[in-house]
Each structure stands twice: as C-alpha cells, then as structure tokens.
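**Q** Mind looking over this structure? Questions follow.
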Amino acid sequence: MANTSSTLAEKKKVLFIMGATGTGKTKLSINLGTQFLSQIINSDKIQVYKGLDIVTNKVPESERCSIPHHMLGIVDDPDYDFTVNDFCKHVLEALDLIIENGHLPIIVGGSNSYLQKLVDSAFCSKYDCCFIWTDVSLPILFQYLDKRVDEMVEEGLVDEIREFFVPGANCEVGIRRAIGVPELNYYFEIENKKDIDKAQKENILQEGIKSIKQNTWKLAENQLSKIHNMVNNLGWKMNKIDSTKVFDALLKGEEDYKHLHQEIVVKPCIEIVNTFLEE
Ligand code: ATP
C-alpha cells in the first residue's frame, strides 16, 4: 500500500484541453496559462508545420501572454509526414523539460487519435492526467465555424494558401492536408486563365470557400465522435465544459459573452485545475 501511494504521489501532473475545432481550446489554454505557472504543448498535427497560420488558426505570438508554447510551427518541410510517433516523441521530450522546470504542462489541440496513442497505459502509470473537454452544441458550433471561415478570408486566407499552391502537389501529405488547401486548388489552377471570365472565377472561389466550411463541419463532427469514443468506450474521465451559451451570445453580438465566458468556462476550469493540483 505504502509503495502504491508514494508512486502515485510522484506522478507528474499533465493537463489536457480537448474538444472539436472552434470550441475555444486555445483561448482557454491561455486563460489557464496566465493563472498557473505553466507551458503549453500544441497537439494539433497540422499546426506543427510552419506556415498557414490563418488557415490552421495558430495562436499568434501577440496573444500568447508570454506563455512558452511548444510544437507550433516546428516542421519546415511542408511535405514531411509528421507521424503519430513523431508526435509522441516530441510531446514526451517537451513534458520532461516543462516538468523539470516546475511548470504545469497544458496539452492543447484537436488531433484526438494522436492523443489517444500518447495516453496509453504506460503514459498513465507515469503521469497523472486531467482532461478538460470544451463542448459546444453542434448547430451553434457550425454557425460559429462559418463565421470563423469568413473572418479567415478577411484576414487573408486566400493569399496565404496561394503561397502553398504547387500544380499537381499531393494534398494528402504534410501541411497541404490542411482544410483550405485542397478546397482552393481548382481556383488557383484557373485563376490566371484568360478564357475564364472574372465572374466565373469568383464563383469558383466562392465554391471553394463553401467547401472549406463544409469540411470544417465534418472535421468538428469527426473530432466529437472520437471524443465520445474516448469517454464512452475507453473510459477517459473528462471534465466537460459546455460553452454553448457563450457562443450563442457571441453569435448574437451580445457584449456580455466575455463575462459569460469567464463565468461558465474560465472559473470552473480554474477550480478543476486547483483541485487536480491539490490531489
Ligand atoms: P486520425 O484521427 O486517424 O489522425 P484524421 O486525419 O482524420 O485521422 P484529424 O486530426 O481529425 O485526423 O484531422 C482530419 C483532417 O482535418 C486532417 O487530415 C486535415 O485535413 C484537417 N485538419 C485537421 N486539423 C486541422 C487544422 N488545424 N487546420 C486545418 N485543417 C485541419
């Protein structure tokens, strides 16, 4: 008995923030990162690549509140196949460094099958894990995701993707798998053709943007079903935070969504983490 409890006491704490795309994982990680001495590890397999910062929704340096971030934009080669083994190796290295520094590691991102591979039984015997799942009901999330794509377009999504356009390039490997790249391929192919008029080109671009929205919905649904599987079949004990009201208020343009976010999301999560750290 004594042995077991001393082993448990020595287990290193790791916080996970999971959830479908667009549910506020990144924002929450920064909120918690400013409350606890911590460092953030990205667990989005597309954000590990350098580039496409708008499309992949990487948190800009200016919004990181000086919290060290790991595994963001670390792969230069856009065609490199960043495997699940690469992912686990990098996360484990970062975890050791962060814990040696006495900081709390916060693993944040939506690549759930990579996380599933990471959190195997060997991982759980070494690390004490706390999982926060940011959830938003799908009809509201879909509305928000559409709005987010429109904002990305305003921020320069098309120009950003054009830089990665190579005729005939394989969009099934590396960074070109990012939602947005395959969807705009056809537009970039015809963009400079003289026999296609401006209105037709604009139409093709709008079709591409529509596909980006549809595929982002699909990504969210797939991520959610993977999380349901972790909870229902694999027994992961997650702290689910339902942020639907916050997103509803935001979509309605209500100013108090920020207050709601603080009350419904940030405060309960701070409590969850406090309890976890005291255990
Ligand atoms: P597995 O879960 O087995 O790894 P998967 O490729 O379906 O397979 P997801 O992480 O759900 O895993 O990603 C699905 C696809 O969604 C990716 O291949 C990519 O096209 C796209 N995608 C994922 N994350 C992003 C992102 N941050 N930005 C843009 N597109 C993304």
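All residue names refer to the structure tokens as shown: chains lettered A, B, ... in order, residues numbered from 1 in each chain, ligands numbered from 1 in order.
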Compile the contact shell of stretch 266-277 of chain A as an MDAnalysis selection string: residues with an atom at most 12 Å away, counting only C-alpha atoms, same-chain residues fewer than 6 positions apart removed.
**A** chainID A and resid 9 11:17 24:25 27:38 103:106 128:134 238:243 246 258:260
**Q** Given the selection you just returned, output its residues as a file containing C-alpha atoms, formatted as a PDB file, in the first residue's frame.
**A**
```pdb
ATOM      1  CA  ALA A   9       2.437  10.971  -5.178  1.00  0.00           C
ATOM      2  CA  LYS A  11       3.286  11.024 -10.638  1.00  0.00           C
ATOM      3  CA  LYS A  12       3.766  14.090 -12.762  1.00  0.00           C
ATOM      4  CA  LYS A  13       0.705  16.186 -13.480  1.00  0.00           C
ATOM      5  CA  VAL A  14      -0.419  16.910 -17.019  1.00  0.00           C
ATOM      6  CA  LEU A  15      -3.451  18.932 -18.066  1.00  0.00           C
ATOM      7  CA  PHE A  16      -5.192  18.271 -21.382  1.00  0.00           C
ATOM      8  CA  ILE A  17      -7.616  20.601 -23.126  1.00  0.00           C
ATOM      9  CA  GLY A  24     -12.319  27.685 -27.552  1.00  0.00           C
ATOM     10  CA  LYS A  25      -9.496  25.335 -26.538  1.00  0.00           C
ATOM     11  CA  LYS A  27      -8.316  30.711 -25.568  1.00  0.00           C
ATOM     12  CA  LEU A  28      -8.905  28.585 -22.504  1.00  0.00           C
ATOM     13  CA  SER A  29      -5.307  27.354 -22.530  1.00  0.00           C
ATOM     14  CA  ILE A  30      -4.108  30.964 -22.438  1.00  0.00           C
ATOM     15  CA  ASN A  31      -6.609  31.822 -19.672  1.00  0.00           C
ATOM     16  CA  LEU A  32      -5.344  28.912 -17.581  1.00  0.00           C
ATOM     17  CA  GLY A  33      -1.749  29.539 -18.586  1.00  0.00           C
ATOM     18  CA  THR A  34      -1.941  33.001 -17.044  1.00  0.00           C
ATOM     19  CA  GLN A  35      -3.378  31.577 -13.795  1.00  0.00           C
ATOM     20  CA  PHE A  36      -0.970  28.703 -13.266  1.00  0.00           C
ATOM     21  CA  LEU A  37       2.782  28.515 -13.792  1.00  0.00           C
ATOM     22  CA  SER A  38       2.574  26.502 -16.967  1.00  0.00           C
ATOM     23  CA  HIS A 103       5.744  24.145 -14.575  1.00  0.00           C
ATOM     24  CA  LEU A 104       2.404  22.546 -15.374  1.00  0.00           C
ATOM     25  CA  PRO A 105       2.227  21.199 -18.944  1.00  0.00           C
ATOM     26  CA  ILE A 106      -1.019  22.003 -20.758  1.00  0.00           C
ATOM     27  CA  ASP A 128      -1.393  11.995 -13.557  1.00  0.00           C
ATOM     28  CA  CYS A 129      -3.784  13.360 -16.197  1.00  0.00           C
ATOM     29  CA  CYS A 130      -6.636  15.828 -16.016  1.00  0.00           C
ATOM     30  CA  PHE A 131      -8.814  16.228 -19.099  1.00  0.00           C
ATOM     31  CA  ILE A 132     -10.940  19.263 -19.873  1.00  0.00           C
ATOM     32  CA  TRP A 133     -13.311  18.936 -22.820  1.00  0.00           C
ATOM     33  CA  THR A 134     -14.669  22.169 -24.257  1.00  0.00           C
ATOM     34  CA  MET A 238     -13.234  14.128 -18.814  1.00  0.00           C
ATOM     35  CA  ASN A 239     -14.399  17.373 -17.264  1.00  0.00           C
ATOM     36  CA  LYS A 240     -16.894  18.546 -19.845  1.00  0.00           C
ATOM     37  CA  ILE A 241     -17.430  22.292 -20.056  1.00  0.00           C
ATOM     38  CA  ASP A 242     -20.465  23.260 -22.084  1.00  0.00           C
ATOM     39  CA  SER A 243     -19.716  26.640 -23.699  1.00  0.00           C
ATOM     40  CA  VAL A 246     -21.108  31.754 -24.637  1.00  0.00           C
ATOM     41  CA  LYS A 258     -16.958  37.791 -22.416  1.00  0.00           C
ATOM     42  CA  HIS A 259     -18.451  37.835 -18.924  1.00  0.00           C
ATOM     43  CA  LEU A 260     -20.290  34.582 -19.669  1.00  0.00           C
TER      44      LEU A 260
END
```
**Q** Just list as an NGL selection string whatever in stretch 77-153 of chain A DSSP marks as alpha helix (DSSP H).
**A** :A and (84-100 or 112-118 or 121-126 or 138-153)
**Q** Please extract the residues at most 7 Å from ligand 1, counting only C-alpha atoms and all ligand atoms, and provide them as a list of chain:residue names, using the chain letters and residue numbers of this document.
**A** A:Asp44, A:Lys45, A:Ile46, A:Gln47, A:Val55, A:Thr56, A:Asn57, A:Gly110, A:Ser111, A:Asn112, A:Ser113, A:Tyr114, A:Arg177, A:Ala178, A:Ile179, A:Gly180, A:Leu219, A:Asn222, A:Gln223
**Q** Write out, as a CSV table (one decimal), in the first residue's frame, the residues just selected, with C-alpha atoms.
**A**
```
chain,number,residue,atom,x,y,z
A,44,ASP,CA,-2.8,19.8,-33.5
A,45,LYS,CA,-1.0,17.7,-36.1
A,46,ILE,CA,-1.4,20.4,-38.7
A,47,GLN,CA,-0.3,23.3,-36.5
A,55,VAL,CA,-5.9,28.7,-42.0
A,56,THR,CA,-4.8,26.4,-39.2
A,57,ASN,CA,-5.7,29.0,-36.6
A,110,GLY,CA,-7.7,18.6,-31.7
A,111,SER,CA,-5.7,15.7,-33.0
A,112,ASN,CA,-7.5,13.1,-30.9
A,113,SER,CA,-6.2,9.9,-32.4
A,114,TYR,CA,-2.6,11.2,-31.8
A,177,ARG,CA,-3.8,18.4,-45.9
A,178,ALA,CA,-4.9,21.5,-44.0
A,179,ILE,CA,-8.6,22.3,-44.7
A,180,GLY,CA,-8.4,25.1,-47.3
A,219,LEU,CA,-13.8,17.8,-39.0
A,222,ASN,CA,-15.3,13.6,-36.5
A,223,GLN,CA,-13.4,15.1,-33.6
```
**Q** Calculate how many Å separate atom CA of A:Gly235 from atom CA of A:Tyr127, rounding to one decimal.
**A**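 Going from atom CA of A:Gly235 over to atom CA of A:Tyr127 covers 16.6 Å.
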**Q** Of the candidates A:Ala169, A:Glu160, A:Glu183, A:Tyr49, which shows the shortest atom-to-atom distance to A:Lys213, using only C-alpha atoms?
**A** A:Glu183
**Q** Using only C-alpha atoms, determine which residues lie at most 12 Å from A:Tyr187, disregarding the query and same-chain residues fewer than 5 positions distant; provide the list as a list of chain:residue names.
**A**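 The residues satisfying every condition are A:Val158, A:Asp159, A:Ile161, A:Arg162, A:Phe165, A:Pro167, A:Gly180, A:Val181, A:Pro182, A:Asn192, A:Lys193, A:Ile196, A:Lys198, A:Gln200, A:Lys201, A:Glu202, A:Asn203, A:Ile204, A:Leu205, A:Gln206, A:Glu207, A:Gly208, A:Ile209.
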**Q** Can those selected residues be exported to a file as a short mmCIF file (atom, residue, chain, number, x, y, z; two decimals), in the first residue's frame so that it contains C-alpha atoms?
**A**
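As a result, selection-v2.cif now contains:
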```
data_model
loop_
_atom_site.label_atom_id
_atom_site.label_comp_id
_atom_site.auth_asym_id
_atom_site.auth_seq_id
_atom_site.Cartn_x
_atom_site.Cartn_y
_atom_site.Cartn_z
CA VAL A 158 -6.69 33.09 -49.97
CA ASP A 159 -3.28 34.78 -50.29
CA ILE A 161 -2.98 29.38 -49.30
CA ARG A 162 -1.82 30.63 -52.72
CA PHE A 165 -0.14 26.15 -54.26
CA PRO A 167 0.24 22.50 -59.52
CA GLY A 180 -8.43 25.12 -47.26
CA VAL A 181 -5.57 23.87 -49.42
CA PRO A 182 -7.33 21.09 -51.39
CA ASN A 192 -4.82 33.19 -64.37
CA LYS A 193 -6.60 31.58 -67.32
CA ILE A 196 -12.44 32.21 -67.96
CA LYS A 198 -13.94 37.28 -63.74
CA GLN A 200 -16.79 32.63 -63.24
CA LYS A 201 -13.53 32.82 -61.31
CA GLU A 202 -15.29 34.49 -58.40
CA ASN A 203 -17.91 31.74 -58.49
CA ILE A 204 -15.25 29.05 -58.34
CA LEU A 205 -13.58 30.82 -55.42
CA GLN A 206 -16.87 31.03 -53.54
CA GLU A 207 -17.48 27.31 -54.16
CA GLY A 208 -14.05 26.62 -52.66
CA ILE A 209 -14.87 28.69 -49.59
#
```
**Q** Please determine, counting only C-alpha atoms, which residue among A:Leu72, A:Ile54, A:Leu234, A:Val265 has the shortest atom-to-atom distance to A:Ser121.
**A**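 Of A:Leu72, A:Ile54, A:Leu234, A:Val265, the one nearest A:Ser121 is A:Leu234, counting only C-alpha atoms.
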**Q** What parts of stretch 95-213 of chain A does DSSP call strand (DSSP E or B)? I'd like the answer as an MDAnalysis selection string.
**A** chainID A and resid 104:108 127:135
**Q** Report as CSV: every residue of stretch 104-176 of chain A with an atom at most 10 Å from stretch 78-92 of chain A, its closest pair of atoms, and their distance in Å to one decimal, counting only C-alpha atoms, with rows sorted by chain and ascending residue number.
**A**
```
residue,atom,partner,partner_atom,distance
A:Pro105,CA,A:Val91,CA,9.9
A:Ile107,CA,A:Val91,CA,8.6
A:Ser111,CA,A:Val84,CA,9.8
A:Ser113,CA,A:Val84,CA,8.4
A:Tyr114,CA,A:Val84,CA,5.6
A:Leu115,CA,A:Cys88,CA,8.3
A:Gln116,CA,A:Val84,CA,9.9
A:Lys117,CA,A:Val84,CA,7.4
A:Leu118,CA,A:Cys88,CA,5.7
A:Val119,CA,A:Cys88,CA,9.3
A:Phe123,CA,A:Leu92,CA,9.4
A:Phe164,CA,A:Pro78,CA,8.6
A:Ala169,CA,A:Asp79,CA,9.5
A:Asn170,CA,A:Asp79,CA,8.5
A:Cys171,CA,A:Asp79,CA,9.1
A:Glu172,CA,A:Asp79,CA,9.3
A:Val173,CA,A:Asp79,CA,6.0
A:Gly174,CA,A:Asp79,CA,4.4
A:Ile175,CA,A:Pro78,CA,5.2
A:Arg176,CA,A:Pro78,CA,7.1
```
